[in-house]
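Q: I have a structure I would like to understand better, so I am pasting it below and will then ask my questions one at a time.
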Amino acid sequence: MLLGRSISPVHQYRVASNGLALDLSAAEAEILAESPLVKLLERDQKYQLQTYAGPEWIGAGEIWTGDAGFPEKRGEGILFGSLDSGINWEHPSFDSQSTDGYVHTNPLGGYLGLCNDPESGALCNDKLIGIYDFVEDDPGTEDVVEENTNGKDNDGHGSHTASIAAGNRVNTFLAGKINATLSGVAPRANIISYRVCYIGEPVGLDSGGCQGSAILKSIDQAVADGVDVINYSIGSDASDPWRIGSIARAFLVARNAGVFVATSAGNAGPNEGTIGSPANAPWVIAVGNATHNTIYGSVVSDLAGGASPPPDDLIGASLTGGIGQRPIVHARDYGNALCGIGEAELEARCGDNEGLSNPWDGEKPFNGEIVVCDRGTYGRVEKGKNVLLAGAGGYILANASEQGESVVADDHCLPATHLGKEEGDELREWLATGSGHQGSISGFSLVENDSFGDQLAETSSRGPAEAPVADTLKPNLIAPGTAILAASDLGQAFRTLSGTSMSSPHIAGAAALLKSVHPNWSVSQIASSIETTATGEQATDRGLEPATPHQRGSGRPQLGEAANAGLYLDVTNTDFVAANPVAGGQPRNLNLPGLVDTKCKSNCSFTRKLTAQAGSGNWTATPVGFPDGVNVSTSPASFSLSNGQSRDLVVNVDLAGSVVVGEWVYGSIRLTAPGFSDQYLTVAVYSDG
């Protein structure tokens, strides 16, 4: 028997298609691979992990209050599956009763997995109704690492993402100053947690990350458990999503079983073509990271001195207390504008940064001043630790051109705030004149302004997707993923994290919310209703310039509009399988809301089948937002549909009269009918001459 041999080194392998995971040496794997009974044998891979205002910013409030025209819903009766680093079952975000008095009901009538097993210690209730731990001890290290936590989250990532999507309404008091109410997007949904990631999520090939075989097992289990929605804030480099045995292919099975899957687009931006896997799969909704409209902000004020008029009050992001008026200096005048040297530490918490990158190590050039550091290279909190060790009393982080207006509220080591590029430039220019500059930093408070929202983060992965899925729109959507405050793994504490890992659960929660409003809607109905009613109108790339569909997808969800969408685009499992280019398929022809062609030579056309889902309507299709000289038409230009009726819409893009060559051309088709939400098909074609 192969497993009885003791041959080193040992690695875990997956045998398709029945999902068998075996611990084999390389020699054993070679023998097994030669068997005619084995369709696929591959080494197990590891994958890396990638609320307060976010739900409201994507329109959840309209569903919660009934303003969308349906009875109030908050995700009741929906099963949300979290594939992540486990869950902190002691956190109030996952209690059986929320602070608004709502008492959860377990729709299954019983618990799943390790729940309430005396030996595991996993504590479940009528909110958190299932806990699994599929992570095995890591044989890839010289000393086997004991990985068993019985599903408990000891990293914080899993608790954070689960609470963003489906965490209870919870009241918390931040920094002794702000009484804040936090809520997941679908706070009354039930949660099942599937732990698939190693302890602490360290990076590296031989430890940490998320176990491929555990992920595949968890997908199978989630489907068997009957979850309605899965959030998967994990990713890897782009690969063929049709490949048998891949994570992406397993999610196609889940979708065919009626499970909506949201995933992080990746954190490999700002370069184009950085969408990873399984985010590139046409059947998975990939989500980019953008800001919402509310920040924990503080004010730089009482500015005086210099040889030019000081700026007006400057608003920045922060989670720290304030400091009274005192001298303000720029670190560039002390030999290091970036406030760092050597290798970056990049730790998110003050205590985890040791000052190893401190350019003034052993010196104290500052004497309580507020020190301005330019953003870049070194961590936001790391820079503050460095200036604190160098004698600073306060700290201002100021964006440069590459970061634009994207700011983050961090819990810094000292009184601090984070300014966008425009206000950072004003401050730097003033500090460059004269002397005697002074100012103060207020303590933080909640600041709401729509101009803060929909700024794509620099790190958010962008399209276009690469072959074999180049002719599909990725990411599909953007959602809040910057400075998101949600549950941690430590007791009842909250923490702030950023990344597409945080944006993805906003969409998973959105799907759960819509499913509670429309229990009979299919995955296609939920997905296309969210995408076609999303808005990209104010989305920007880091606050610098308008974001393109390859950066923001269809845009930010508007869930009140999505709940009232009159049309949807249906795509079947057969359609997705047949679109595999290796088998002669064409992903561009999939019945999806994105119309993408990477080689549009003078003229290209698309066909989409639209189905009425909310009653009869008289519809008009209008091309909008295309550059001058691009002639776009639809056939028909208007049409009527009865409920459940379908018809084809042909969209023709004529580039013959355009001077645009060798560039992407963007626009959309607006679908309007009285009594229904406006819906949009997003168009992106590359003018190939």
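Chain identifiers are assigned as A, B, and so on, following the order in which chains appear in the structure tokens; residues are numbered from 1 within each chain, and ligands are numbered from 1 in order of appearance.
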Taking only C-alpha atoms into account, produce a table as a Markdown table in which each residue of stretch 417-523 of chain A with an atom at most 9 Å from an atom of stretch 367-383 of chain A appears once, together with its shortest atom pair and the distance in Å to one decimal, ordered by chain and rising number.
A:
```
| residue | atom | partner | partner_atom | distance |
| --- | --- | --- | --- | --- |
| A:His418 | CA | A:Arg380 | CA | 8.7 |
| A:Gly424 | CA | A:Asp374 | CA | 8.4 |
| A:Leu427 | CA | A:Val372 | CA | 8.9 |
| A:Arg428 | CA | A:Val372 | CA | 8.3 |
| A:Gln438 | CA | A:Ile370 | CA | 8.5 |
| A:Gly439 | CA | A:Ile370 | CA | 8.0 |
| A:Ser440 | CA | A:Ile370 | CA | 8.0 |
| A:Ile441 | CA | A:Ile370 | CA | 8.7 |
```
Q: Can you write out the residues you just picked, keeping N, CA and C atoms, as a PDB file, in the first residue's frame?
A:
```
ATOM      1  N   HIS A 418      -3.705  61.062   7.881  1.00  0.00           N
ATOM      2  CA  HIS A 418      -3.244  60.679   6.548  1.00  0.00           C
ATOM      3  C   HIS A 418      -3.957  61.550   5.521  1.00  0.00           C
ATOM      4  N   GLY A 424      -1.886  67.063   0.594  1.00  0.00           N
ATOM      5  CA  GLY A 424      -0.486  66.825   0.920  1.00  0.00           C
ATOM      6  C   GLY A 424       0.427  67.778   0.178  1.00  0.00           C
ATOM      7  N   LEU A 427       0.288  71.225   1.752  1.00  0.00           N
ATOM      8  CA  LEU A 427       1.070  71.278   2.984  1.00  0.00           C
ATOM      9  C   LEU A 427       2.566  71.322   2.689  1.00  0.00           C
ATOM     10  N   ARG A 428       3.026  70.477   1.755  1.00  0.00           N
ATOM     11  CA  ARG A 428       4.458  70.447   1.429  1.00  0.00           C
ATOM     12  C   ARG A 428       4.928  71.767   0.829  1.00  0.00           C
ATOM     13  N   GLN A 438       3.641  76.075  12.191  1.00  0.00           N
ATOM     14  CA  GLN A 438       2.988  75.442  13.324  1.00  0.00           C
ATOM     15  C   GLN A 438       1.604  74.942  12.940  1.00  0.00           C
ATOM     16  N   GLY A 439       1.079  74.015  13.747  1.00  0.00           N
ATOM     17  CA  GLY A 439      -0.265  73.509  13.514  1.00  0.00           C
ATOM     18  C   GLY A 439      -0.634  72.477  14.554  1.00  0.00           C
ATOM     19  N   SER A 440      -1.851  71.966  14.444  1.00  0.00           N
ATOM     20  CA  SER A 440      -2.335  70.956  15.380  1.00  0.00           C
ATOM     21  C   SER A 440      -3.063  69.857  14.615  1.00  0.00           C
ATOM     22  N   ILE A 441      -3.267  68.721  15.284  1.00  0.00           N
ATOM     23  CA  ILE A 441      -4.043  67.615  14.728  1.00  0.00           C
ATOM     24  C   ILE A 441      -5.162  67.308  15.707  1.00  0.00           C
TER      25      ILE A 441
END
```
Q: Quick one: residues within 12 Å of A:Asn271, only C-alpha atoms, excluding same-chain residues fewer than 6 positions away - as a PDB file with N, CA, C and O atoms, in the first residue's frame?
A:
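For reference, out14.pdb as written:
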```
ATOM      1  N   GLU A 402       1.495  58.853  -7.036  1.00  0.00           N
ATOM      2  CA  GLU A 402       1.101  57.470  -7.309  1.00  0.00           C
ATOM      3  C   GLU A 402      -0.021  56.978  -6.411  1.00  0.00           C
ATOM      4  O   GLU A 402      -0.715  56.027  -6.749  1.00  0.00           O
ATOM      5  N   ALA A 457      -8.280  51.480  -4.973  1.00  0.00           N
ATOM      6  CA  ALA A 457      -6.999  51.392  -4.278  1.00  0.00           C
ATOM      7  C   ALA A 457      -5.880  51.068  -5.261  1.00  0.00           C
ATOM      8  O   ALA A 457      -6.086  50.363  -6.251  1.00  0.00           O
ATOM      9  N   GLU A 458      -4.707  51.582  -4.971  1.00  0.00           N
ATOM     10  CA  GLU A 458      -3.551  51.347  -5.831  1.00  0.00           C
ATOM     11  C   GLU A 458      -3.271  49.859  -6.003  1.00  0.00           C
ATOM     12  O   GLU A 458      -2.919  49.389  -7.085  1.00  0.00           O
ATOM     13  N   THR A 459      -3.458  49.085  -4.932  1.00  0.00           N
ATOM     14  CA  THR A 459      -3.109  47.671  -4.972  1.00  0.00           C
ATOM     15  C   THR A 459      -4.175  46.795  -5.617  1.00  0.00           C
ATOM     16  O   THR A 459      -3.920  45.615  -5.887  1.00  0.00           O
ATOM     17  N   SER A 460      -5.354  47.331  -5.862  1.00  0.00           N
ATOM     18  CA  SER A 460      -6.442  46.509  -6.400  1.00  0.00           C
ATOM     19  C   SER A 460      -6.092  46.012  -7.799  1.00  0.00           C
ATOM     20  O   SER A 460      -5.694  46.787  -8.680  1.00  0.00           O
ATOM     21  N   SER A 461      -6.231  44.710  -8.033  1.00  0.00           N
ATOM     22  CA  SER A 461      -5.887  44.127  -9.337  1.00  0.00           C
ATOM     23  C   SER A 461      -6.839  44.615 -10.416  1.00  0.00           C
ATOM     24  O   SER A 461      -8.029  44.825 -10.180  1.00  0.00           O
ATOM     25  N   ARG A 462      -6.286  44.762 -11.610  1.00  0.00           N
ATOM     26  CA  ARG A 462      -7.051  45.294 -12.739  1.00  0.00           C
ATOM     27  C   ARG A 462      -7.078  44.314 -13.896  1.00  0.00           C
ATOM     28  O   ARG A 462      -6.225  43.452 -14.030  1.00  0.00           O
ATOM     29  N   GLY A 463      -8.066  44.506 -14.785  1.00  0.00           N
ATOM     30  CA  GLY A 463      -8.091  43.795 -16.046  1.00  0.00           C
ATOM     31  C   GLY A 463      -7.217  44.539 -17.046  1.00  0.00           C
ATOM     32  O   GLY A 463      -6.504  45.487 -16.691  1.00  0.00           O
ATOM     33  N   PRO A 464      -7.236  44.147 -18.303  1.00  0.00           N
ATOM     34  CA  PRO A 464      -8.054  43.056 -18.808  1.00  0.00           C
ATOM     35  C   PRO A 464      -7.539  41.689 -18.339  1.00  0.00           C
ATOM     36  O   PRO A 464      -6.346  41.520 -18.078  1.00  0.00           O
ATOM     37  N   ALA A 465      -8.473  40.753 -18.240  1.00  0.00           N
ATOM     38  CA  ALA A 465      -8.080  39.390 -17.910  1.00  0.00           C
ATOM     39  C   ALA A 465      -7.228  38.829 -19.043  1.00  0.00           C
ATOM     40  O   ALA A 465      -7.345  39.250 -20.194  1.00  0.00           O
ATOM     41  N   ASP A 541      -9.528  56.061 -10.447  1.00  0.00           N
ATOM     42  CA  ASP A 541      -8.321  55.300 -10.162  1.00  0.00           C
ATOM     43  C   ASP A 541      -7.504  56.101  -9.165  1.00  0.00           C
ATOM     44  O   ASP A 541      -6.854  57.089  -9.525  1.00  0.00           O
ATOM     45  N   HIS A 550     -12.088  48.177 -17.044  1.00  0.00           N
ATOM     46  CA  HIS A 550     -11.068  47.188 -16.702  1.00  0.00           C
ATOM     47  C   HIS A 550     -10.483  47.436 -15.319  1.00  0.00           C
ATOM     48  O   HIS A 550      -9.738  46.587 -14.802  1.00  0.00           O
ATOM     49  N   GLN A 551     -10.804  48.555 -14.728  1.00  0.00           N
ATOM     50  CA  GLN A 551     -10.359  48.846 -13.373  1.00  0.00           C
ATOM     51  C   GLN A 551     -11.478  48.660 -12.354  1.00  0.00           C
ATOM     52  O   GLN A 551     -11.247  48.137 -11.270  1.00  0.00           O
TER      53      GLN A 551
END
```
Q: Per residue of stretch 426-540 of chain A within 12 Å of stretch 332-347 of chain A, which atom pair is closest and at what distance in Å (one decimal), using only C-alpha atoms, listed by chain and increasing number, as a tab-separated table?
A:
```
residue	atom	partner	partner_atom	distance
A:Arg428	CA	A:Arg332	CA	9.8
A:Leu431	CA	A:Asp333	CA	9.9
A:Ala432	CA	A:Asp333	CA	9.2
A:Ser435	CA	A:Asp333	CA	11.8
A:Leu497	CA	A:Glu347	CA	11.6
```
Q: Please dump the current selection as a CSV table (one decimal), in the first residue's frame; keep C-alpha atoms.
A:
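For reference, out.csv as written:
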```
chain,number,residue,atom,x,y,z
A,428,ARG,CA,4.5,70.4,1.4
A,431,LEU,CA,6.4,74.0,4.5
A,432,ALA,CA,8.9,74.8,1.7
A,435,SER,CA,10.1,79.1,8.8
A,497,LEU,CA,-8.0,45.9,7.4
```
Q: Mind dumping a table of every stretch 435-503 of chain A residue within 10 Å of stretch 565-583 of chain A, with the nearest atom pair and its distance in Å to one decimal, using only C-alpha atoms, sorted by chain and rising number, as a tab-separated table?
A:
```
residue	atom	partner	partner_atom	distance
A:Ala467	CA	A:Pro581	CA	9.1
A:Pro468	CA	A:Pro581	CA	6.5
A:Val469	CA	A:Pro581	CA	8.4
```
Q: Please produce a file of those selected residues containing N, CA and C atoms, as a PDB file, in the first residue's frame.
A:
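Full text of result.pdb as output:
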```pdb
ATOM      1  N   ALA A 467      -5.561  35.564 -21.392  1.00  0.00           N
ATOM      2  CA  ALA A 467      -6.037  34.330 -22.002  1.00  0.00           C
ATOM      3  C   ALA A 467      -6.008  33.213 -20.960  1.00  0.00           C
ATOM      4  N   PRO A 468      -6.985  32.319 -20.974  1.00  0.00           N
ATOM      5  CA  PRO A 468      -8.009  32.106 -21.992  1.00  0.00           C
ATOM      6  C   PRO A 468      -9.311  32.852 -21.756  1.00  0.00           C
ATOM      7  N   VAL A 469      -9.322  33.822 -20.826  1.00  0.00           N
ATOM      8  CA  VAL A 469     -10.572  34.523 -20.510  1.00  0.00           C
ATOM      9  C   VAL A 469     -10.460  36.007 -20.828  1.00  0.00           C
TER      10      VAL A 469
END
```
Q: Let's see if you can do this: from backbone DSSP, list all strand (DSSP E or B) residues in stretch 509-646 of chain A, as a PyMOL selection string.
A: chain A and resi 535+540-541+545-546+556+567-568+594-600+603-612+617-624+631-635+638-641+646
Q: Just to be explicit: take each residue in the selection above, keep N, CA and C atoms, and write the result as a compact mmCIF listing (two decimals), in the first residue's frame.
A:
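File written: again.txt
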```txt
# COMPACT_ATOMS: atom_id res chain seq x y z
N THR A 535 -23.15 51.28 -10.47
CA THR A 535 -22.75 52.57 -11.03
C THR A 535 -21.23 52.72 -11.04
N THR A 540 -12.99 56.39 -9.53
CA THR A 540 -11.71 56.93 -10.01
C THR A 540 -10.59 55.95 -9.68
N ASP A 541 -9.53 56.06 -10.45
CA ASP A 541 -8.32 55.30 -10.16
C ASP A 541 -7.50 56.10 -9.17
N GLU A 545 -8.04 59.96 -11.81
CA GLU A 545 -8.75 60.09 -13.08
C GLU A 545 -9.86 59.05 -13.13
N PRO A 546 -10.86 59.21 -14.02
CA PRO A 546 -11.96 58.26 -14.07
C PRO A 546 -11.46 56.83 -14.28
N ARG A 556 -19.88 50.20 -8.65
CA ARG A 556 -20.33 49.93 -7.28
C ARG A 556 -21.80 49.52 -7.27
N LEU A 567 -34.77 42.96 -15.80
CA LEU A 567 -34.20 42.02 -16.76
C LEU A 567 -33.02 41.27 -16.12
N TYR A 568 -32.77 40.08 -16.61
CA TYR A 568 -31.55 39.39 -16.21
C TYR A 568 -30.99 38.61 -17.39
N GLY A 594 -20.92 41.90 -19.28
CA GLY A 594 -19.76 42.53 -19.89
C GLY A 594 -19.60 42.10 -21.33
N LEU A 595 -19.46 43.07 -22.23
CA LEU A 595 -19.28 42.81 -23.66
C LEU A 595 -17.85 43.22 -24.01
N VAL A 596 -16.98 42.22 -24.16
CA VAL A 596 -15.55 42.49 -24.30
C VAL A 596 -15.01 41.79 -25.54
N ASP A 597 -14.21 42.54 -26.32
CA ASP A 597 -13.54 41.98 -27.48
C ASP A 597 -12.13 42.56 -27.53
N THR A 598 -11.12 41.69 -27.44
CA THR A 598 -9.73 42.16 -27.43
C THR A 598 -9.18 42.43 -28.81
N LYS A 599 -9.94 42.07 -29.86
CA LYS A 599 -9.46 42.26 -31.23
C LYS A 599 -10.62 42.70 -32.12
N CYS A 600 -11.10 43.91 -31.87
CA CYS A 600 -12.20 44.44 -32.67
C CYS A 600 -11.62 45.17 -33.87
N ASN A 603 -15.06 46.57 -36.91
CA ASN A 603 -16.45 46.33 -36.53
C ASN A 603 -16.54 45.03 -35.73
N CYS A 604 -17.32 45.02 -34.67
CA CYS A 604 -17.58 43.79 -33.92
C CYS A 604 -18.98 43.85 -33.33
N SER A 605 -19.56 42.69 -33.09
CA SER A 605 -20.92 42.65 -32.56
C SER A 605 -21.04 41.60 -31.47
N PHE A 606 -22.05 41.78 -30.63
CA PHE A 606 -22.32 40.88 -29.52
C PHE A 606 -23.81 40.57 -29.49
N THR A 607 -24.15 39.39 -29.03
CA THR A 607 -25.55 39.01 -28.84
C THR A 607 -25.76 38.62 -27.39
N ARG A 608 -26.77 39.24 -26.76
CA ARG A 608 -27.11 38.91 -25.39
C ARG A 608 -28.62 38.61 -25.31
N LYS A 609 -28.95 37.55 -24.57
CA LYS A 609 -30.35 37.18 -24.37
C LYS A 609 -30.83 37.77 -23.06
N LEU A 610 -31.87 38.60 -23.14
CA LEU A 610 -32.44 39.27 -21.98
C LEU A 610 -33.75 38.61 -21.61
N THR A 611 -33.97 38.39 -20.32
CA THR A 611 -35.18 37.74 -19.84
C THR A 611 -35.85 38.63 -18.80
N ALA A 612 -37.18 38.80 -18.94
CA ALA A 612 -37.94 39.61 -17.98
C ALA A 612 -38.17 38.80 -16.71
N GLY A 617 -42.75 44.72 -19.55
CA GLY A 617 -42.17 46.04 -19.70
C GLY A 617 -41.88 46.38 -21.14
N ASN A 618 -41.89 47.68 -21.45
CA ASN A 618 -41.52 48.19 -22.77
C ASN A 618 -40.14 48.82 -22.65
N TRP A 619 -39.16 48.18 -23.27
CA TRP A 619 -37.76 48.51 -23.05
C TRP A 619 -37.14 49.27 -24.23
N THR A 620 -36.21 50.16 -23.88
CA THR A 620 -35.43 50.88 -24.89
C THR A 620 -33.95 50.64 -24.61
N ALA A 621 -33.20 50.34 -25.66
CA ALA A 621 -31.75 50.11 -25.55
C ALA A 621 -31.02 51.28 -26.19
N THR A 622 -30.20 52.00 -25.40
CA THR A 622 -29.54 53.21 -25.88
C THR A 622 -28.04 53.14 -25.62
N PRO A 623 -27.19 53.27 -26.64
CA PRO A 623 -25.74 53.34 -26.43
C PRO A 623 -25.37 54.66 -25.75
N VAL A 624 -24.54 54.61 -24.71
CA VAL A 624 -24.14 55.83 -24.00
C VAL A 624 -22.65 55.76 -23.66
N ASN A 631 -19.54 54.42 -33.70
CA ASN A 631 -20.96 54.28 -33.99
C ASN A 631 -21.47 52.96 -33.42
N VAL A 632 -22.32 53.04 -32.41
CA VAL A 632 -22.84 51.85 -31.75
C VAL A 632 -24.35 51.80 -31.94
N SER A 633 -24.85 50.65 -32.34
CA SER A 633 -26.29 50.48 -32.55
C SER A 633 -26.76 49.20 -31.89
N THR A 634 -28.06 49.14 -31.62
CA THR A 634 -28.66 47.93 -31.05
C THR A 634 -29.81 47.47 -31.93
N SER A 635 -30.00 46.19 -31.97
CA SER A 635 -31.12 45.62 -32.73
C SER A 635 -31.81 44.56 -31.87
N SER A 638 -35.82 49.03 -29.48
CA SER A 638 -36.84 48.96 -28.44
C SER A 638 -37.57 47.64 -28.57
N PHE A 639 -38.12 47.15 -27.47
CA PHE A 639 -38.78 45.86 -27.47
C PHE A 639 -39.67 45.73 -26.24
N SER A 640 -40.60 44.82 -26.29
CA SER A 640 -41.49 44.53 -25.17
C SER A 640 -41.30 43.08 -24.75
N LEU A 641 -41.37 42.87 -23.45
CA LEU A 641 -41.25 41.52 -22.92
C LEU A 641 -42.29 41.30 -21.83
N SER A 646 -38.11 35.93 -23.10
CA SER A 646 -36.74 36.29 -23.45
C SER A 646 -36.66 36.75 -24.89
```
Q: Just the residues within 12 Å of A:Ala162, please, counting only C-alpha atoms, with nothing from its chain fewer than 5 positions along; format it as an MDAnalysis selection string.
A: chainID A and resid 51 79:89 91 93:94 127:128 153 156:157 167:168 183:187 189:195 229:233 486:489 501:509
Q: Take the residues from that selection and write them out as a compact mmCIF listing (two decimals), in the first residue's frame, keeping N, CA and C atoms.
A:
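So the final result, stored in part_17.txt, reads:
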```txt
# COMPACT_ATOMS: atom_id res chain seq x y z
N THR A 51 -17.10 47.99 8.85
CA THR A 51 -18.28 47.82 8.21
C THR A 51 -19.31 48.79 8.68
N LEU A 79 -28.11 31.04 4.09
CA LEU A 79 -26.91 30.39 4.61
C LEU A 79 -25.68 30.96 3.91
N PHE A 80 -24.82 31.59 4.69
CA PHE A 80 -23.59 32.19 4.17
C PHE A 80 -22.40 31.31 4.54
N GLY A 81 -21.61 30.92 3.54
CA GLY A 81 -20.44 30.09 3.76
C GLY A 81 -19.16 30.90 3.66
N SER A 82 -18.32 30.83 4.70
CA SER A 82 -17.05 31.55 4.72
C SER A 82 -15.90 30.57 4.59
N LEU A 83 -15.18 30.61 3.47
CA LEU A 83 -13.98 29.79 3.25
C LEU A 83 -12.78 30.66 3.54
N ASP A 84 -12.14 30.45 4.71
CA ASP A 84 -11.13 31.41 5.13
C ASP A 84 -10.27 30.79 6.23
N SER A 85 -9.80 31.61 7.14
CA SER A 85 -8.88 31.17 8.18
C SER A 85 -9.59 30.75 9.46
N GLY A 86 -10.89 30.51 9.37
CA GLY A 86 -11.67 30.12 10.54
C GLY A 86 -12.48 31.28 11.07
N ILE A 87 -13.00 31.13 12.29
CA ILE A 87 -13.88 32.16 12.84
C ILE A 87 -13.71 32.26 14.35
N ASN A 88 -13.84 33.46 14.86
CA ASN A 88 -13.78 33.71 16.30
C ASN A 88 -15.19 33.60 16.86
N TRP A 89 -15.55 32.42 17.34
CA TRP A 89 -16.93 32.20 17.77
C TRP A 89 -17.28 32.93 19.06
N HIS A 91 -16.89 36.19 19.31
CA HIS A 91 -17.13 37.59 18.95
C HIS A 91 -18.62 37.90 18.87
N SER A 93 -20.18 39.66 16.87
CA SER A 93 -20.67 39.66 15.48
C SER A 93 -21.33 38.35 15.12
N PHE A 94 -21.03 37.31 15.90
CA PHE A 94 -21.55 35.98 15.58
C PHE A 94 -22.40 35.40 16.71
N LYS A 127 -26.92 31.58 15.20
CA LYS A 127 -26.32 32.44 14.17
C LYS A 127 -25.20 31.69 13.45
N LEU A 128 -24.23 31.23 14.22
CA LEU A 128 -23.09 30.47 13.69
C LEU A 128 -23.43 28.99 13.82
N ASP A 153 -10.33 30.85 14.52
CA ASP A 153 -9.53 31.81 13.76
C ASP A 153 -8.44 32.38 14.67
N GLY A 156 -7.37 36.33 12.22
CA GLY A 156 -8.24 37.49 12.15
C GLY A 156 -8.88 37.70 10.80
N HIS A 157 -8.29 37.13 9.77
CA HIS A 157 -8.79 37.34 8.41
C HIS A 157 -10.19 36.77 8.23
N GLY A 167 -22.05 39.68 9.55
CA GLY A 167 -21.94 39.90 10.98
C GLY A 167 -23.14 40.63 11.55
N ASN A 168 -23.44 40.36 12.80
CA ASN A 168 -24.54 41.03 13.49
C ASN A 168 -24.36 42.54 13.54
N SER A 183 -22.25 46.76 11.20
CA SER A 183 -23.15 45.71 10.73
C SER A 183 -22.61 45.11 9.46
N GLY A 184 -22.79 43.79 9.32
CA GLY A 184 -22.52 43.16 8.04
C GLY A 184 -23.59 43.56 7.03
N VAL A 185 -23.35 43.23 5.78
CA VAL A 185 -24.31 43.59 4.73
C VAL A 185 -25.62 42.82 4.91
N ALA A 186 -25.52 41.55 5.28
CA ALA A 186 -26.70 40.72 5.53
C ALA A 186 -26.63 40.22 6.97
N PRO A 187 -26.91 41.09 7.96
CA PRO A 187 -26.62 40.77 9.36
C PRO A 187 -27.49 39.66 9.96
N ALA A 189 -28.31 36.82 8.25
CA ALA A 189 -28.01 35.53 7.61
C ALA A 189 -27.31 34.63 8.62
N ASN A 190 -27.45 33.34 8.42
CA ASN A 190 -26.72 32.37 9.24
C ASN A 190 -25.37 32.07 8.61
N ILE A 191 -24.40 31.70 9.44
CA ILE A 191 -23.03 31.53 8.98
C ILE A 191 -22.56 30.10 9.20
N ILE A 192 -21.86 29.57 8.20
CA ILE A 192 -21.11 28.32 8.34
C ILE A 192 -19.67 28.63 7.95
N SER A 193 -18.74 28.31 8.86
CA SER A 193 -17.33 28.64 8.64
C SER A 193 -16.56 27.38 8.26
N TYR A 194 -15.72 27.52 7.22
CA TYR A 194 -14.88 26.42 6.73
C TYR A 194 -13.43 26.90 6.79
N ARG A 195 -12.66 26.37 7.74
CA ARG A 195 -11.26 26.79 7.86
C ARG A 195 -10.41 26.04 6.84
N VAL A 229 -24.58 31.25 -0.47
CA VAL A 229 -23.53 32.18 -0.88
C VAL A 229 -22.21 31.74 -0.27
N ILE A 230 -21.13 31.87 -1.04
CA ILE A 230 -19.78 31.64 -0.53
C ILE A 230 -18.95 32.90 -0.74
N ASN A 231 -18.20 33.26 0.30
CA ASN A 231 -17.16 34.27 0.10
C ASN A 231 -15.81 33.58 0.15
N TYR A 232 -14.96 33.95 -0.84
CA TYR A 232 -13.64 33.34 -0.98
C TYR A 232 -12.62 34.45 -1.17
N SER A 233 -12.12 35.00 -0.08
CA SER A 233 -11.14 36.09 -0.14
C SER A 233 -9.73 35.52 -0.16
N ALA A 486 -13.95 45.76 11.19
CA ALA A 486 -14.79 44.57 11.37
C ALA A 486 -14.16 43.69 12.45
N ALA A 487 -14.75 42.52 12.66
CA ALA A 487 -14.36 41.63 13.76
C ALA A 487 -12.91 41.17 13.63
N SER A 488 -12.28 40.93 14.78
CA SER A 488 -10.93 40.38 14.81
C SER A 488 -10.97 39.01 15.47
N ASP A 489 -9.81 38.40 15.58
CA ASP A 489 -9.70 37.09 16.22
C ASP A 489 -9.47 37.21 17.72
N SER A 501 -9.68 41.42 -0.22
CA SER A 501 -10.27 40.47 0.73
C SER A 501 -11.45 41.09 1.46
N MET A 502 -11.41 42.40 1.67
CA MET A 502 -12.48 43.09 2.38
C MET A 502 -13.61 43.52 1.44
N SER A 503 -13.30 43.74 0.16
CA SER A 503 -14.35 44.13 -0.79
C SER A 503 -15.21 42.94 -1.20
N SER A 504 -14.60 41.76 -1.34
CA SER A 504 -15.34 40.58 -1.76
C SER A 504 -16.52 40.24 -0.85
N PRO A 505 -16.36 40.23 0.50
CA PRO A 505 -17.51 39.89 1.33
C PRO A 505 -18.64 40.91 1.28
N HIS A 506 -18.35 42.14 0.87
CA HIS A 506 -19.45 43.08 0.65
C HIS A 506 -20.39 42.56 -0.44
N ILE A 507 -19.82 41.98 -1.48
CA ILE A 507 -20.65 41.46 -2.58
C ILE A 507 -21.29 40.13 -2.19
N ALA A 508 -20.58 39.30 -1.44
CA ALA A 508 -21.19 38.08 -0.94
C ALA A 508 -22.38 38.42 -0.06
N GLY A 509 -22.23 39.41 0.82
CA GLY A 509 -23.34 39.86 1.65
C GLY A 509 -24.47 40.44 0.82
```
Q: Do you know which residues are at most 10 Å from A:Ala547 counting only C-alpha atoms, after dropping those on the same chain fewer than 4 positions away, and could you put them as a list in words?
A: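 My reading of the contact set: Asp454, Gln455, Leu456, Gly536, Glu537, Gln538, Ala539, Thr540, Asp541, Arg542, Gly543, Gln551, Arg552, Gly553 and Gly555 of chain A.
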